[in-house]
$ cat coords14.txt   # compact mmCIF, C-alpha atoms
# COMPACT_ATOMS: atom_id res chain seq x y z
CA ARG F 19 19.25 -19.18 -44.27
CA ASP F 20 22.83 -20.06 -43.38
CA GLY F 21 23.27 -16.95 -41.24
CA ALA F 22 26.12 -15.59 -43.35
CA THR F 23 24.89 -14.90 -46.90
CA VAL F 24 24.00 -11.25 -47.58
CA PHE F 25 20.43 -11.17 -48.94
CA LEU F 26 19.44 -7.52 -48.43
CA THR F 27 21.38 -4.26 -48.67
CA PHE F 28 20.17 -0.77 -47.81
CA THR F 29 21.57 2.43 -49.34
CA ILE F 30 20.95 5.58 -47.27
CA LEU F 31 20.90 8.91 -49.13
CA ILE F 32 21.32 11.94 -46.85
CA ARG F 33 20.40 15.49 -48.02
CA ASP F 34 21.27 18.60 -46.09
CA ALA F 35 18.73 21.24 -45.06
CA THR F 36 19.82 23.65 -47.82
CA ALA F 37 19.08 21.12 -50.57
CA VAL F 38 15.70 20.30 -49.08
CA ALA F 39 14.83 24.01 -48.84
CA LEU F 40 15.78 24.65 -52.47
CA LEU F 41 14.50 21.49 -54.14
CA GLY F 42 11.83 20.29 -51.74
CA PRO F 43 11.53 16.92 -50.01
CA THR F 44 12.72 13.81 -51.80
CA PRO F 45 9.78 12.03 -53.50
CA LEU F 46 9.06 8.51 -52.32
CA PRO F 47 10.27 5.79 -54.75
CA THR F 48 7.55 3.79 -56.44
CA ARG F 49 9.78 0.72 -56.83
CA PRO F 50 12.36 -0.47 -54.29
CA ASP F 51 15.05 -1.11 -56.89
CA VAL F 52 14.70 2.17 -58.84
CA PRO F 53 15.88 5.58 -57.54
CA ALA F 54 13.24 8.22 -56.89
CA ILE F 55 12.45 10.38 -59.95
CA PRO F 56 11.97 14.14 -59.55
CA PRO F 57 8.31 15.15 -60.18
CA ALA F 58 9.09 17.21 -63.32
CA GLN F 59 11.08 14.38 -64.91
CA LYS F 60 8.43 11.83 -63.94
CA LEU F 61 5.68 13.92 -65.58
CA GLN F 62 7.77 14.19 -68.75
CA GLN F 63 8.28 10.41 -68.85
CA GLN F 64 4.57 9.74 -68.36
CA HIS F 65 3.74 12.14 -71.20
CA HIS F 66 6.23 10.37 -73.48
CA GLN F 67 4.88 6.91 -72.61
CA SER F 68 1.30 7.99 -73.31
CA ARG F 69 2.31 8.81 -76.91
CA ARG F 70 3.85 5.40 -77.59
CA GLN F 71 2.25 3.23 -80.24
CA PRO F 72 0.53 0.02 -79.06
CA SER F 73 3.12 -2.04 -80.92
CA GLU F 74 5.81 -0.60 -78.66
CA VAL F 75 4.21 -1.93 -75.50
CA PRO F 76 6.18 -5.00 -74.38
CA HIS F 77 4.26 -8.22 -73.89
CA ARG F 78 5.26 -11.28 -71.96
CA GLY F 79 3.65 -14.53 -70.91
CA LEU F 80 2.66 -15.23 -67.35
CA SER F 81 5.27 -16.75 -65.09
CA PRO F 82 4.64 -20.06 -63.29
CA GLN F 83 4.10 -18.11 -60.06
CA GLU F 84 1.46 -15.89 -61.70
CA LEU F 85 -0.26 -18.99 -63.02
CA GLY F 86 -0.36 -20.46 -59.53
CA GLY F 87 2.42 -23.01 -60.08
CA GLN F 88 4.71 -23.96 -57.22
CA GLN F 89 8.35 -23.04 -57.39
CA PRO F 90 10.60 -24.65 -54.75
CA PRO F 91 12.62 -22.19 -52.67
CA SER F 92 16.35 -22.31 -53.25
CA TRP F 93 19.04 -23.53 -50.85
CA TRP F 94 22.72 -22.72 -51.24
CA PHE F 95 25.10 -23.33 -48.34
CA SER F 96 27.63 -20.53 -48.54
CA ALA F 97 28.53 -19.92 -44.90
CA ALA F 98 32.00 -20.33 -43.47
CA PRO F 99 32.99 -24.00 -43.26
CA ALA F 100 31.30 -25.61 -40.26
CA PRO F 101 33.05 -28.14 -37.99
CA TYR F 102 30.66 -30.80 -39.30
CA SER F 103 28.17 -31.02 -42.13
CA LEU F 104 25.38 -33.24 -43.39
CA VAL F 105 25.74 -34.03 -47.08
CA CYS F 106 23.01 -35.67 -49.12
CA ILE F 107 24.51 -38.62 -51.01
CA LEU F 108 21.31 -40.38 -52.11
CA ALA F 109 17.85 -39.23 -53.16
CA HIS F 110 15.22 -41.66 -54.43
CA GLY F 111 14.69 -41.20 -58.17
CA TYR F 112 17.36 -38.52 -58.62
CA ASP F 113 21.00 -38.38 -59.71
CA ILE F 114 22.15 -36.57 -56.59
CA LYS F 115 25.78 -36.32 -57.74
CA ALA F 116 24.64 -34.04 -60.56
CA LYS F 117 23.56 -31.40 -58.03
CA PRO F 118 26.12 -28.85 -56.76
CA LEU F 119 27.54 -29.70 -53.34
CA ALA F 120 26.28 -26.40 -51.87
CA THR F 121 22.67 -27.35 -52.67
CA ARG F 122 22.90 -30.60 -50.71
CA THR F 123 24.94 -29.56 -47.66
CA ILE F 124 23.79 -28.50 -44.17
CA GLY F 125 26.30 -27.13 -41.69
CA LEU F 126 26.32 -28.44 -38.11
CA SER F 127 27.60 -26.62 -35.04
CA VAL F 128 28.81 -28.26 -31.84
CA ASP F 129 27.75 -25.28 -29.71
CA ALA F 130 23.96 -25.69 -29.83
CA ARG F 131 21.18 -28.15 -30.57
CA ILE F 132 20.22 -28.00 -34.24
CA SER F 133 16.87 -28.93 -35.75
CA VAL F 134 16.72 -30.35 -39.26
CA GLY F 135 13.58 -30.33 -41.36
CA ARG F 136 11.58 -28.37 -43.91
CA ALA F 137 10.89 -25.52 -41.47
CA HIS F 138 14.55 -25.07 -40.59
CA GLN F 139 16.39 -25.53 -43.92
CA ALA F 140 13.83 -24.01 -46.28
CA GLY F 141 14.44 -25.18 -49.83
CA PHE F 142 17.00 -27.86 -49.01
CA PHE F 143 14.69 -30.87 -49.09
CA GLU F 144 12.40 -29.40 -51.76
CA GLY F 145 15.40 -28.77 -54.01
CA ILE F 146 16.54 -32.38 -53.70
CA LEU F 147 13.26 -34.33 -53.69
CA GLY F 148 10.81 -31.83 -55.18
CA ILE F 149 8.02 -30.13 -53.26
CA GLN F 150 5.52 -33.01 -53.28
CA ALA F 151 7.93 -35.71 -52.11
CA ALA F 152 9.55 -33.43 -49.53
CA ASN F 153 6.14 -32.63 -48.04
CA CYS F 154 5.28 -36.34 -47.91
CA TYR F 155 8.49 -37.79 -46.45
CA VAL F 156 10.22 -34.97 -44.56
CA SER F 157 8.61 -33.31 -41.55
CA ALA F 158 8.86 -29.62 -40.71
CA SER F 159 11.00 -30.59 -37.70
CA HIS F 160 12.29 -34.06 -38.51
CA LEU F 161 15.54 -34.47 -36.53
CA GLU F 162 17.35 -32.79 -33.68
CA PHE F 163 21.15 -32.90 -33.36
CA ALA F 164 23.11 -32.43 -30.15
CA SER F 165 26.88 -32.70 -29.82
CA ALA F 166 28.00 -35.90 -28.07
CA ALA F 167 31.34 -37.32 -26.94
CA GLU F 168 31.75 -39.45 -30.06
CA GLY F 169 29.78 -37.51 -32.63
CA PHE F 170 26.16 -36.35 -32.49
CA GLU F 171 23.10 -37.62 -30.70
CA VAL F 172 20.23 -37.70 -33.19
CA THR F 173 16.62 -37.61 -32.02
CA ASN F 174 13.79 -38.44 -34.41
CA CYS F 175 11.05 -35.82 -33.89
CA SER F 176 8.92 -37.12 -36.76
CA SER F 177 6.37 -39.87 -37.22
CA HIS F 178 8.44 -40.92 -40.26
CA PRO F 179 11.10 -43.47 -39.22
CA VAL F 180 14.82 -43.06 -39.84
CA THR F 181 17.75 -45.45 -39.53
CA LEU F 182 21.31 -44.69 -38.50
CA THR F 183 24.30 -46.63 -39.87
CA GLY F 184 24.52 -50.02 -38.18
CA GLN F 185 21.66 -49.29 -35.79
CA ARG F 186 18.01 -50.11 -35.42
CA ARG F 187 15.21 -48.02 -36.89
CA LEU F 188 14.30 -44.98 -34.82
CA GLY F 189 10.65 -44.08 -34.28
CA LYS F 190 9.32 -40.76 -33.04
CA GLY F 191 11.04 -39.65 -29.83
CA GLU F 192 13.83 -42.25 -30.09
CA ALA F 193 17.51 -41.30 -30.30
CA GLY F 194 20.82 -42.74 -31.44
CA THR F 195 24.39 -41.60 -32.07
CA ILE F 196 26.26 -41.16 -35.34
CA ARG F 197 29.93 -40.53 -36.00
CA THR F 198 31.80 -38.96 -38.90
CA GLY F 199 31.32 -41.06 -42.04
CA GLU F 200 28.04 -42.58 -40.88
CA CYS F 201 24.66 -41.88 -42.43
CA ILE F 202 21.02 -41.19 -41.66
CA ASP F 203 18.37 -42.75 -43.89
CA PHE F 204 14.97 -41.07 -44.22
CA LEU F 205 12.37 -43.78 -44.84
CA GLY F 206 9.09 -43.54 -46.70
CA LYS F 207 6.49 -45.71 -48.42
CA TYR F 208 6.55 -44.96 -52.12
CA PRO F 209 3.49 -45.85 -54.24
CA GLY F 210 4.10 -49.03 -56.21
CA ALA F 211 7.28 -49.92 -54.35
CA SER F 212 7.53 -53.54 -53.25
CA GLY F 213 8.02 -54.30 -49.59
CA GLY F 214 7.86 -51.81 -46.75
CA HIS F 215 9.76 -48.58 -46.41
CA THR F 216 12.13 -47.22 -49.06
CA VAL F 217 15.15 -45.02 -48.41
CA CYS F 218 14.05 -41.71 -49.91
CA LEU F 219 16.99 -39.64 -48.67
CA ARG F 220 20.42 -40.34 -47.17
CA LEU F 221 22.50 -37.76 -45.30
CA CYS F 222 26.14 -38.46 -44.43
CA LEU F 223 27.92 -36.83 -41.50
CA GLU F 224 31.21 -35.32 -42.64
$ encode --input "coords14.txt" --output "structure tokens"
Amino acid sequence: RDGATVFLTFTILIRDATAVALLGPTPLPTRPDVPAIPPAQKLQQQHHQSRRQPSEVPHRGLSPQELGGQQPPSWWFSAAPAPYSLVCILAHGYDIKAKPLATRTIGLSVDARISVGRAHQAGFFEGILGIQAANCYVSASHLEFASAAEGFEVTNCSSHPVTLTGQRRLGKGEAGTIRTGECIDFLGKYPGASGGHTVCLRLCLE
């Protein structure tokens, strides 16, 4: 997700024509993480497994995913240090300081416009607020950042309002500028909360 973390590695096994002629084509693997087993060895293993006693068969409970439970995707910022970053310093109902810095950091580039939201940093908001709250208070494309002379121009692309440090509330389509050390507050109406909007999330530009 950060464009730098290795998440998939391929190993290519090359056999020459002589080996193929003598041993036959390589059998297709049945699992992506287990090397292919020669047919004779595979048949021997299947015969051995068929003779196992029922008590030897491992048993496990169903995982939350198998039971239909939701598991938030993970976010871990491990790219090379970016010129700027957004760091979450407040989350409604959570001790945000207890979370590792890499799970609450988004890197910002000055070379291109950057969108921030659930569709662009998958797992970041869910990992901080939980799936339900993230879906309620953070849009798929919530903010857009563009480099400006004195920081970043921030455009609110969501129907959920945000406020920038020392500035008025921004509605959908409105923009403002933030500098290093200033913050963006994501606002939402929490059930049972007195008054209007509550700050559900605060990101600081560093």
$ atom_distance --input "coords14.txt" --atom1 "atom CA of Gly148 of chain F" --atom2 "atom CA of Thr173 of chain F"
24.6 Å
$ atom_distance --input "coords14.txt" --atom1 "atom CA of Val172 of chain F" --atom2 "atom CA of Ile196 of chain F"
7.3 Å
$ atom_distance --input "coords14.txt" --atom1 "atom CA of Ala167 of chain F" --atom2 "atom CA of Arg220 of chain F"
23.2 Å
$ residues_around --input "coords14.txt" --residues "Cys175 of chain F" --least-positions-apart "3" --cutoff "6 Å" --atoms "only C-alpha atoms" --output "JSON list (two decimals) with C-alpha atoms, in the coordinates of the input"
[["chain", "number", "residue", "atom", "x", "y", "z"],
["F", 160, "HIS", "CA", 12.29, -34.06, -38.51],
["F", 161, "LEU", "CA", 15.54, -34.47, -36.53],
["F", 190, "LYS", "CA", 9.32, -40.76, -33.04],
["F", 191, "GLY", "CA", 11.04, -39.65, -29.83]]
$ residues_around --input "coords14.txt" --residues "Ser159 of chain F" --least-positions-apart "3" --cutoff "8 Å" --atoms "only C-alpha atoms" --output "ChimeraX atom specification"
/F:133-138,162,175-176
$ write_last_selection --input "coords14.txt" --atoms "C-alpha atoms" --output "mmCIF file, in the frame of the given file"
data_model
loop_
_atom_site.group_PDB
_atom_site.id
_atom_site.type_symbol
_atom_site.label_atom_id
_atom_site.label_comp_id
_atom_site.auth_asym_id
_atom_site.auth_seq_id
_atom_site.Cartn_x
_atom_site.Cartn_y
_atom_site.Cartn_z
ATOM 1 C CA SER F 133 16.870 -28.930 -35.750
ATOM 2 C CA VAL F 134 16.720 -30.350 -39.260
ATOM 3 C CA GLY F 135 13.580 -30.330 -41.360
ATOM 4 C CA ARG F 136 11.580 -28.370 -43.910
ATOM 5 C CA ALA F 137 10.890 -25.520 -41.470
ATOM 6 C CA HIS F 138 14.550 -25.070 -40.590
ATOM 7 C CA GLU F 162 17.350 -32.790 -33.680
ATOM 8 C CA CYS F 175 11.050 -35.820 -33.890
ATOM 9 C CA SER F 176 8.920 -37.120 -36.760
#
$ build_atoms --input "coords14.txt" --residues "segment 200-211 of chain F" --atoms "all heavy atoms" --output "PDB file, in the frame of the given file"
ATOM      1  N   GLU F 200      29.273 -41.804 -40.966  1.00  0.00           N
ATOM      2  CA  GLU F 200      28.040 -42.580 -40.880  1.00  0.00           C
ATOM      3  C   GLU F 200      26.872 -41.783 -41.454  1.00  0.00           C
ATOM      4  O   GLU F 200      26.971 -40.568 -41.665  1.00  0.00           O
ATOM      5  CB  GLU F 200      27.770 -42.990 -39.433  1.00  0.00           C
ATOM      6  CG  GLU F 200      28.854 -43.915 -38.882  1.00  0.00           C
ATOM      7  CD  GLU F 200      28.574 -44.365 -37.452  1.00  0.00           C
ATOM      8  OE1 GLU F 200      27.793 -43.693 -36.744  1.00  0.00           O
ATOM      9  OE2 GLU F 200      29.149 -45.398 -37.043  1.00  0.00           O
ATOM     10  N   CYS F 201      25.767 -42.484 -41.686  1.00  0.00           N
ATOM     11  CA  CYS F 201      24.660 -41.880 -42.430  1.00  0.00           C
ATOM     12  C   CYS F 201      23.323 -42.005 -41.690  1.00  0.00           C
ATOM     13  O   CYS F 201      23.154 -42.856 -40.812  1.00  0.00           O
ATOM     14  CB  CYS F 201      24.523 -42.532 -43.808  1.00  0.00           C
ATOM     15  SG  CYS F 201      25.970 -42.326 -44.872  1.00  0.00           S
ATOM     16  N   ILE F 202      22.403 -41.154 -42.117  1.00  0.00           N
ATOM     17  CA  ILE F 202      21.020 -41.190 -41.660  1.00  0.00           C
ATOM     18  C   ILE F 202      20.140 -41.435 -42.870  1.00  0.00           C
ATOM     19  O   ILE F 202      20.236 -40.709 -43.867  1.00  0.00           O
ATOM     20  CB  ILE F 202      20.610 -39.857 -40.999  1.00  0.00           C
ATOM     21  CG1 ILE F 202      21.574 -39.490 -39.871  1.00  0.00           C
ATOM     22  CG2 ILE F 202      19.180 -39.913 -40.491  1.00  0.00           C
ATOM     23  CD1 ILE F 202      21.405 -38.066 -39.384  1.00  0.00           C
ATOM     24  N   ASP F 203      19.293 -42.449 -42.802  1.00  0.00           N
ATOM     25  CA  ASP F 203      18.370 -42.750 -43.890  1.00  0.00           C
ATOM     26  C   ASP F 203      16.961 -42.302 -43.515  1.00  0.00           C
ATOM     27  O   ASP F 203      16.425 -42.693 -42.481  1.00  0.00           O
ATOM     28  CB  ASP F 203      18.349 -44.252 -44.186  1.00  0.00           C
ATOM     29  CG  ASP F 203      19.617 -44.731 -44.867  1.00  0.00           C
ATOM     30  OD1 ASP F 203      20.390 -43.879 -45.350  1.00  0.00           O
ATOM     31  OD2 ASP F 203      19.848 -45.954 -44.911  1.00  0.00           O
ATOM     32  N   PHE F 204      16.368 -41.463 -44.363  1.00  0.00           N
ATOM     33  CA  PHE F 204      14.970 -41.070 -44.220  1.00  0.00           C
ATOM     34  C   PHE F 204      14.132 -42.120 -44.949  1.00  0.00           C
ATOM     35  O   PHE F 204      14.374 -42.393 -46.130  1.00  0.00           O
ATOM     36  CB  PHE F 204      14.726 -39.697 -44.834  1.00  0.00           C
ATOM     37  CG  PHE F 204      15.322 -38.545 -44.073  1.00  0.00           C
ATOM     38  CD1 PHE F 204      16.701 -38.423 -43.929  1.00  0.00           C
ATOM     39  CD2 PHE F 204      14.509 -37.585 -43.502  1.00  0.00           C
ATOM     40  CE1 PHE F 204      17.257 -37.355 -43.236  1.00  0.00           C
ATOM     41  CE2 PHE F 204      15.049 -36.509 -42.809  1.00  0.00           C
ATOM     42  CZ  PHE F 204      16.427 -36.408 -42.669  1.00  0.00           C
ATOM     43  N   LEU F 205      13.162 -42.696 -44.273  1.00  0.00           N
ATOM     44  CA  LEU F 205      12.370 -43.780 -44.840  1.00  0.00           C
ATOM     45  C   LEU F 205      10.970 -43.310 -45.199  1.00  0.00           C
ATOM     46  O   LEU F 205      10.378 -42.478 -44.508  1.00  0.00           O
ATOM     47  CB  LEU F 205      12.288 -44.945 -43.854  1.00  0.00           C
ATOM     48  CG  LEU F 205      13.625 -45.495 -43.339  1.00  0.00           C
ATOM     49  CD1 LEU F 205      13.383 -46.643 -42.361  1.00  0.00           C
ATOM     50  CD2 LEU F 205      14.515 -45.947 -44.491  1.00  0.00           C
ATOM     51  N   GLY F 206      10.443 -43.868 -46.277  1.00  0.00           N
ATOM     52  CA  GLY F 206       9.090 -43.540 -46.700  1.00  0.00           C
ATOM     53  C   GLY F 206       8.509 -44.663 -47.526  1.00  0.00           C
ATOM     54  O   GLY F 206       9.234 -45.503 -48.064  1.00  0.00           O
ATOM     55  N   LYS F 207       7.192 -44.690 -47.621  1.00  0.00           N
ATOM     56  CA  LYS F 207       6.490 -45.710 -48.420  1.00  0.00           C
ATOM     57  C   LYS F 207       6.098 -45.091 -49.751  1.00  0.00           C
ATOM     58  O   LYS F 207       5.175 -44.297 -49.828  1.00  0.00           O
ATOM     59  CB  LYS F 207       5.275 -46.225 -47.666  1.00  0.00           C
ATOM     60  CG  LYS F 207       5.623 -47.038 -46.419  1.00  0.00           C
ATOM     61  CD  LYS F 207       4.376 -47.648 -45.781  1.00  0.00           C
ATOM     62  CE  LYS F 207       4.755 -48.516 -44.585  1.00  0.00           C
ATOM     63  NZ  LYS F 207       3.565 -49.139 -43.953  1.00  0.00           N
ATOM     64  N   TYR F 208       6.824 -45.489 -50.792  1.00  0.00           N
ATOM     65  CA  TYR F 208       6.550 -44.960 -52.120  1.00  0.00           C
ATOM     66  C   TYR F 208       5.463 -45.772 -52.805  1.00  0.00           C
ATOM     67  O   TYR F 208       5.444 -47.004 -52.701  1.00  0.00           O
ATOM     68  CB  TYR F 208       7.813 -44.975 -52.988  1.00  0.00           C
ATOM     69  CG  TYR F 208       8.732 -43.805 -52.751  1.00  0.00           C
ATOM     70  CD1 TYR F 208       9.583 -43.780 -51.652  1.00  0.00           C
ATOM     71  CD2 TYR F 208       8.731 -42.709 -53.605  1.00  0.00           C
ATOM     72  CE1 TYR F 208      10.419 -42.695 -51.413  1.00  0.00           C
ATOM     73  CE2 TYR F 208       9.566 -41.625 -53.379  1.00  0.00           C
ATOM     74  CZ  TYR F 208      10.408 -41.627 -52.289  1.00  0.00           C
ATOM     75  OH  TYR F 208      11.230 -40.560 -52.054  1.00  0.00           O
ATOM     76  N   PRO F 209       4.542 -45.124 -53.515  1.00  0.00           N
ATOM     77  CA  PRO F 209       3.490 -45.850 -54.240  1.00  0.00           C
ATOM     78  C   PRO F 209       4.102 -46.812 -55.253  1.00  0.00           C
ATOM     79  O   PRO F 209       4.994 -46.449 -56.012  1.00  0.00           O
ATOM     80  CB  PRO F 209       2.707 -44.734 -54.947  1.00  0.00           C
ATOM     81  CG  PRO F 209       3.002 -43.501 -54.152  1.00  0.00           C
ATOM     82  CD  PRO F 209       4.401 -43.666 -53.650  1.00  0.00           C
ATOM     83  N   GLY F 210       3.631 -48.041 -55.250  1.00  0.00           N
ATOM     84  CA  GLY F 210       4.100 -49.030 -56.210  1.00  0.00           C
ATOM     85  C   GLY F 210       5.388 -49.721 -55.827  1.00  0.00           C
ATOM     86  O   GLY F 210       5.805 -50.667 -56.505  1.00  0.00           O
ATOM     87  N   ALA F 211       6.025 -49.290 -54.763  1.00  0.00           N
ATOM     88  CA  ALA F 211       7.280 -49.920 -54.350  1.00  0.00           C
ATOM     89  C   ALA F 211       6.974 -51.213 -53.605  1.00  0.00           C
ATOM     90  O   ALA F 211       6.048 -51.277 -52.795  1.00  0.00           O
ATOM     91  CB  ALA F 211       8.078 -48.986 -53.455  1.00  0.00           C
TER      92      ALA F 211
END
